[in-house]
file query_22.cif (mmCIF, C-alpha atoms)
data_final
#
loop_
_atom_site.label_atom_id
_atom_site.label_comp_id
_atom_site.auth_asym_id
_atom_site.auth_seq_id
_atom_site.Cartn_x
_atom_site.Cartn_y
_atom_site.Cartn_z
CA MET A 3 151.25 81.51 166.15
CA LEU A 4 151.88 81.67 169.88
CA PRO A 5 148.76 82.36 171.94
CA SER A 6 148.49 85.31 174.26
CA SER A 7 146.28 85.65 177.28
CA PRO A 8 145.17 89.22 177.96
CA SER A 9 143.31 89.54 181.22
CA THR A 10 139.78 90.79 181.70
CA THR A 11 140.49 91.86 185.29
CA ALA A 12 138.19 94.70 186.31
CA LEU A 13 139.89 97.97 187.20
CA PRO A 14 139.60 98.68 190.95
CA VAL A 15 138.11 102.09 191.61
CA SER A 16 140.81 102.73 194.22
CA LEU A 17 143.47 102.64 191.49
CA LEU A 18 141.88 105.23 189.21
CA PRO A 19 143.49 108.29 190.87
CA TYR A 20 146.94 106.84 190.13
CA LEU A 21 146.41 106.27 186.41
CA GLY A 22 146.50 109.93 185.41
CA GLU A 23 145.03 111.07 182.10
CA ASN A 24 147.01 108.75 179.85
CA TYR A 25 145.08 106.54 177.46
CA PHE A 26 146.88 103.46 178.78
CA ASN A 27 149.14 102.89 181.78
CA PRO A 28 151.34 99.81 181.18
CA LEU A 29 152.62 99.57 184.73
CA ALA A 30 149.14 99.66 186.27
CA TRP A 31 147.85 97.19 183.68
CA PHE A 32 150.68 94.73 184.36
CA CYS A 33 150.16 94.91 188.13
CA LEU A 34 146.41 94.43 187.81
CA THR A 35 146.68 91.62 185.28
CA PHE A 36 149.49 89.56 186.76
CA GLY A 37 149.49 90.66 190.38
CA GLU A 38 153.15 91.67 190.59
CA TYR A 39 155.43 94.62 189.90
CA PRO A 40 157.33 94.09 186.62
CA HIS A 41 160.88 94.54 185.46
CA ARG A 42 161.23 97.08 182.65
CA GLU A 43 163.65 97.61 179.78
CA VAL A 44 163.66 100.89 177.83
CA TYR A 45 164.90 100.79 174.23
CA GLN A 46 165.94 103.74 172.07
CA LEU A 47 165.27 102.58 168.52
CA SER A 48 167.01 103.93 165.45
CA ASP A 49 164.02 105.91 164.16
CA ALA A 50 160.23 106.05 164.19
CA ASP A 51 159.95 103.43 161.42
CA ALA A 52 161.83 100.93 163.61
CA ARG A 53 158.70 100.32 165.67
CA GLN A 54 156.92 98.90 162.63
CA ALA A 55 159.98 96.78 161.83
CA VAL A 56 159.80 95.29 165.34
CA LEU A 57 156.10 94.52 164.89
CA THR A 58 156.73 92.91 161.51
CA ALA A 59 159.42 90.66 163.00
CA LEU A 60 157.22 89.65 165.93
CA GLY A 61 154.22 89.08 163.66
CA ALA A 62 155.89 85.97 162.27
CA SER A 63 155.60 84.25 165.67
CA PHE A 64 152.91 86.07 167.63
CA ASP A 65 149.24 86.75 166.92
CA LEU A 66 149.50 90.54 167.24
CA PRO A 67 145.77 91.36 166.85
CA ALA A 68 144.92 88.90 169.63
CA ALA A 69 147.76 90.26 171.78
CA THR A 70 146.65 93.89 171.45
CA VAL A 71 145.30 95.36 174.67
CA ALA A 72 145.50 99.05 173.71
CA HIS A 73 145.96 100.76 170.35
CA SER A 74 145.76 104.46 169.52
CA THR A 75 146.78 106.01 166.18
CA TYR A 76 147.13 109.39 164.48
CA LEU A 77 145.01 109.86 161.34
CA GLU A 78 146.10 113.08 159.64
CA LYS A 79 145.00 112.94 156.01
CA GLN A 80 143.57 110.66 153.36
CA GLY A 81 145.95 108.16 151.83
CA LYS A 82 148.45 108.40 154.67
CA THR A 83 149.12 105.32 156.79
CA PRO A 84 147.98 105.88 160.39
CA GLU A 85 150.88 106.42 162.78
CA ILE A 86 151.20 104.81 166.19
CA GLN A 87 150.48 107.00 169.19
CA THR A 88 150.13 104.22 171.77
CA TYR A 89 150.36 100.47 171.27
CA ALA A 90 150.37 97.84 174.02
CA LEU A 91 150.75 94.14 173.26
CA ASN A 92 150.42 91.31 175.78
CA LEU A 93 152.57 88.88 173.79
CA ALA A 94 152.46 86.16 176.45
CA PRO A 95 151.68 85.85 180.15
CA HIS A 96 153.87 88.30 182.08
CA LEU A 97 155.19 89.87 178.86
CA LEU A 98 154.04 93.31 177.67
CA LEU A 99 155.51 95.39 174.84
CA PHE A 100 154.61 99.07 174.87
CA PHE A 101 155.08 101.93 172.39
CA SER A 102 154.00 105.49 173.16
CA ASP A 103 154.87 108.93 171.81
CA TYR A 104 154.52 110.30 175.34
CA ASP A 105 157.05 108.03 177.00
CA TYR A 106 160.84 107.56 176.90
CA PHE A 107 162.44 108.61 173.57
CA GLY A 108 159.07 109.53 172.03
CA ASP A 109 158.31 107.81 168.72
CA LYS A 110 161.74 106.11 168.85
CA GLY A 111 161.10 104.39 172.17
CA ALA A 112 159.95 100.92 173.18
CA LEU A 113 159.30 99.60 176.68
CA LEU A 114 159.37 95.92 177.58
CA TYR A 115 157.70 94.74 180.80
CA TYR A 116 158.27 91.25 182.19
CA SER A 117 158.62 89.34 185.46
CA ARG A 118 160.34 86.28 186.89
CA HIS A 119 157.39 84.25 185.62
CA THR A 120 157.91 85.26 181.98
CA ASP A 121 158.82 82.47 179.57
CA ALA A 122 162.58 82.90 179.03
CA ASP A 123 162.52 81.83 175.37
CA LEU A 124 159.71 84.23 174.46
CA LEU A 125 161.40 87.06 176.33
CA ALA A 126 164.64 86.39 174.46
CA GLN A 127 162.78 86.39 171.14
CA VAL A 128 161.26 89.81 171.80
CA ARG A 129 164.61 91.17 172.98
CA VAL A 130 166.25 90.05 169.73
CA ALA A 131 163.58 91.86 167.68
CA LEU A 132 164.10 95.06 169.68
CA ALA A 133 167.90 94.84 169.72
CA GLY A 134 167.90 94.51 165.94
CA GLN A 135 166.39 97.99 165.67
CA LEU A 136 168.63 99.80 168.15
CA ASN A 137 170.57 102.80 166.94
CA SER A 138 173.98 101.61 165.75
CA SER A 139 175.50 105.10 165.45
CA LYS A 140 177.26 107.08 168.17
CA GLU A 141 174.19 109.19 168.88
CA GLU A 142 173.76 109.86 172.59
CA HIS A 143 170.58 109.29 174.54
CA GLN A 144 168.10 112.08 174.01
CA ARG A 145 168.10 113.38 177.56
CA ILE A 146 166.88 116.85 176.57
CA GLN A 147 163.14 117.18 177.11
CA VAL A 148 160.82 119.95 175.99
CA LEU A 149 157.47 120.89 177.44
CA ARG A 150 154.74 120.61 174.81
CA GLN A 151 151.08 121.48 175.03
CA THR A 152 148.77 118.67 173.94
CA SER A 153 145.02 118.78 173.56
CA ARG A 154 144.47 118.17 177.28
CA ARG A 155 147.62 119.04 179.21
CA LEU A 156 151.34 119.78 179.15
CA ASP A 157 153.69 116.88 178.46
CA PHE A 158 157.45 116.45 178.41
CA SER A 159 158.79 114.79 175.28
CA PRO A 160 162.29 114.16 173.87
CA LEU A 161 163.89 116.85 171.71
CA PRO A 162 165.89 115.24 168.89
CA LEU A 163 169.21 117.02 168.37
CA LYS A 164 171.61 116.15 165.59
CA ILE A 165 175.09 117.46 166.36
CA PRO A 166 177.01 117.98 163.09
CA ALA A 167 180.56 116.72 162.70
CA LEU A 168 183.20 119.32 163.56
CA ASP A 169 184.77 120.73 160.39
CA LEU A 170 187.94 122.61 161.30
CA ALA A 171 188.46 123.93 157.78
CA ALA A 172 184.96 125.40 157.61
CA ASN A 173 184.71 126.77 161.15
CA TYR A 174 188.22 127.99 162.04
CA ASN A 175 191.02 130.07 160.52
CA ASP A 176 193.43 128.45 158.08
CA ASP A 177 196.35 128.66 160.50
CA LEU A 178 194.64 126.28 162.94
CA LEU A 179 194.86 123.23 160.67
CA PRO A 180 198.67 122.77 160.75
CA VAL A 181 198.65 123.36 164.52
CA HIS A 182 195.89 120.80 164.96
CA ASP A 183 197.67 118.22 162.79
CA GLY A 184 200.90 118.76 164.68
CA LEU A 185 199.23 118.27 168.05
CA VAL A 186 197.37 115.18 166.91
CA HIS A 187 200.49 113.53 165.48
CA GLY A 188 202.84 114.61 168.28
CA GLN A 189 204.93 116.87 166.06
CA GLN A 190 206.61 120.12 167.04
CA VAL A 191 204.43 123.06 166.09
CA VAL A 192 205.61 126.58 165.29
CA VAL A 193 203.16 129.23 166.47
CA VAL A 194 203.42 132.99 166.03
CA VAL A 195 202.11 134.83 169.08
CA GLY A 196 202.26 138.63 169.11
CA GLY A 197 205.03 138.65 166.52
CA GLU A 198 207.14 136.17 168.50
CA VAL A 199 207.86 132.65 167.23
CA GLU A 200 207.14 129.90 169.72
CA ARG A 201 207.92 126.22 169.29
CA ARG A 202 205.49 123.88 171.04
#
call {"tool": "encode", "arguments": {"input": "query_22.cif", "output": "structure tokens"}}
result
Amino acid sequence: MLPSSPSTTALPVSLLPYLGENYFNPLAWFCLTFGEYPHREVYQLSDADARQAVLTALGASFDLPAATVAHSTYLEKQGKTPEIQTYALNLAPHLLLFFSDYDYFGDKGALLYYSRHTDADLLAQVRVALAGQLNSSKEEHQRIQVLRQTSRRLDFSPLPLKIPALDLAANYNDDLLPVHDGLVHGQQVVVVVGGEVERR
């Protein structure tokens, strides 16, 4: 297992107004712990279960319990596995992995914070684990956000939209199909407009 080194740096009172009401602020934590502003990569994973797949892959090389600096879960009913709300892992010096339902892409998002002092091999290892869980379909980024009321405030969160495949036969008149095929294949198409025959 690779050791991690979470900091015990005290939180300056002057920074408190900038943290907001979130349970954990990864940017503020990184700045306080390592004394520099980090780079950040935002990943849109394939689904909510992909976060656990990333953790399982990283668990083979990193001591995840020791690396954990913040962990919040949903407990809804007996017998159901707790779901991640917020999870921050300091995997190595200058390397922070962050999951949060209230950040980019909701429960399908992952944020990776690092700096020029991050070990390049460890950074590459984490990137491989995250890249392996990226969405491989043609789904676009979920840029649509909805305003939801939480227990304490209003939050913006992604709105998943699944756009169905266009079915010409099911959604249009029968006479459109031969016209469509002709246009797609560059053939001459005969169209009747107002009783007149037009060749296009």
call {"tool": "atom_distance", "arguments": {"input": "query_22.cif", "atom1": "atom CA of Gly111 of chain A", "atom2": "atom CA of Phe36 of chain A"}}
result
23.8 Å
call {"tool": "closest_residue", "arguments": {"input": "query_22.cif", "among": "A:Asp65, A:Asp121, A:Glu78, A:Asp51", "to": "Asp109 of chain A", "atoms": "only C-alpha atoms"}}
result
A:Asp51
call {"tool": "axis_aligned_box", "arguments": {"input": "query_22.cif", "around": "segment 52-67 of chain A", "padding_each_side": "6 Å", "output": "lines of an AutoDock Vina configuration file"}}
result
center_x = 153.8
center_y = 92.6
center_z = 164.6
size_x = 28.1
size_y = 28.7
size_z = 18.1
call {"tool": "closest_residue", "arguments": {"input": "query_22.cif", "among": "A:Gly108, A:Glu85, A:Ala72, A:Asn92", "to": "Phe32 of chain A", "atoms": "only C-alpha atoms"}}
result
A:Asn92
call {"tool": "residues_around", "arguments": {"input": "query_22.cif", "residues": "Ala59 of chain A", "least_positions_apart": "4", "cutoff": "10 Å", "atoms": "all atoms listed in the file", "output": "ChimeraX atom specification"}}
result
/A:54-55,63-64,127-128,130-132,134
call {"tool": "resolve_selection", "arguments": {"input": "query_22.cif", "expression": "the PyMOL selection byres ((chain A and resi 91) around 7)", "output": "compact mmCIF listing (two decimals) with C-alpha atoms, keeping the file's coordinate frame"}}
result
# COMPACT_ATOMS: atom_id res chain seq x y z
CA ALA A 69 147.76 90.26 171.78
CA THR A 70 146.65 93.89 171.45
CA VAL A 71 145.30 95.36 174.67
CA TYR A 89 150.36 100.47 171.27
CA ALA A 90 150.37 97.84 174.02
CA ASN A 92 150.42 91.31 175.78
CA LEU A 93 152.57 88.88 173.79
CA LEU A 98 154.04 93.31 177.67
CA LEU A 99 155.51 95.39 174.84
CA PHE A 100 154.61 99.07 174.87
call {"tool": "closest_residue", "arguments": {"input": "query_22.cif", "among": "A:Leu136, A:Thr75, A:Val181, A:Asn27", "to": "Val56 of chain A", "atoms": "only C-alpha atoms"}}
result
A:Leu136
call {"tool": "atom_distance", "arguments": {"input": "query_22.cif", "atom1": "atom CA of Asp123 of chain A", "atom2": "atom CA of Ala62 of chain A"}}
result
15.3 Å
call {"tool": "atom_distance", "arguments": {"input": "query_22.cif", "atom1": "atom CA of Ser138 of chain A", "atom2": "atom CA of Asp105 of chain A"}}
result
21.3 Å
call {"tool": "residues_around", "arguments": {"input": "query_22.cif", "residues": "Tyr116 of chain A", "least_positions_apart": "6", "cutoff": "6 Å", "atoms": "only C-alpha atoms", "output": "PyMOL selection string"}}
result
chain A and resi 40-41+96-97
call {"tool": "residues_around", "arguments": {"input": "query_22.cif", "residues": "Tyr106 of chain A", "least_positions_apart": "2", "cutoff": "9 Å", "atoms": "only C-alpha atoms", "output": "PyMOL selection string"}}
result
chain A and resi 44-46+102-104+108-113+159-160
call {"tool": "closest_residue", "arguments": {"input": "query_22.cif", "among": "A:Leu47, A:Gln135, A:Leu170, A:Ala30", "to": "Tyr115 of chain A", "atoms": "only C-alpha atoms"}}
result
A:Ala30
call {"tool": "closest_residue", "arguments": {"input": "query_22.cif", "among": "A:Val148, A:Leu114, A:Pro95, A:Phe26", "to": "Ser74 of chain A", "atoms": "only C-alpha atoms"}}
result
A:Phe26
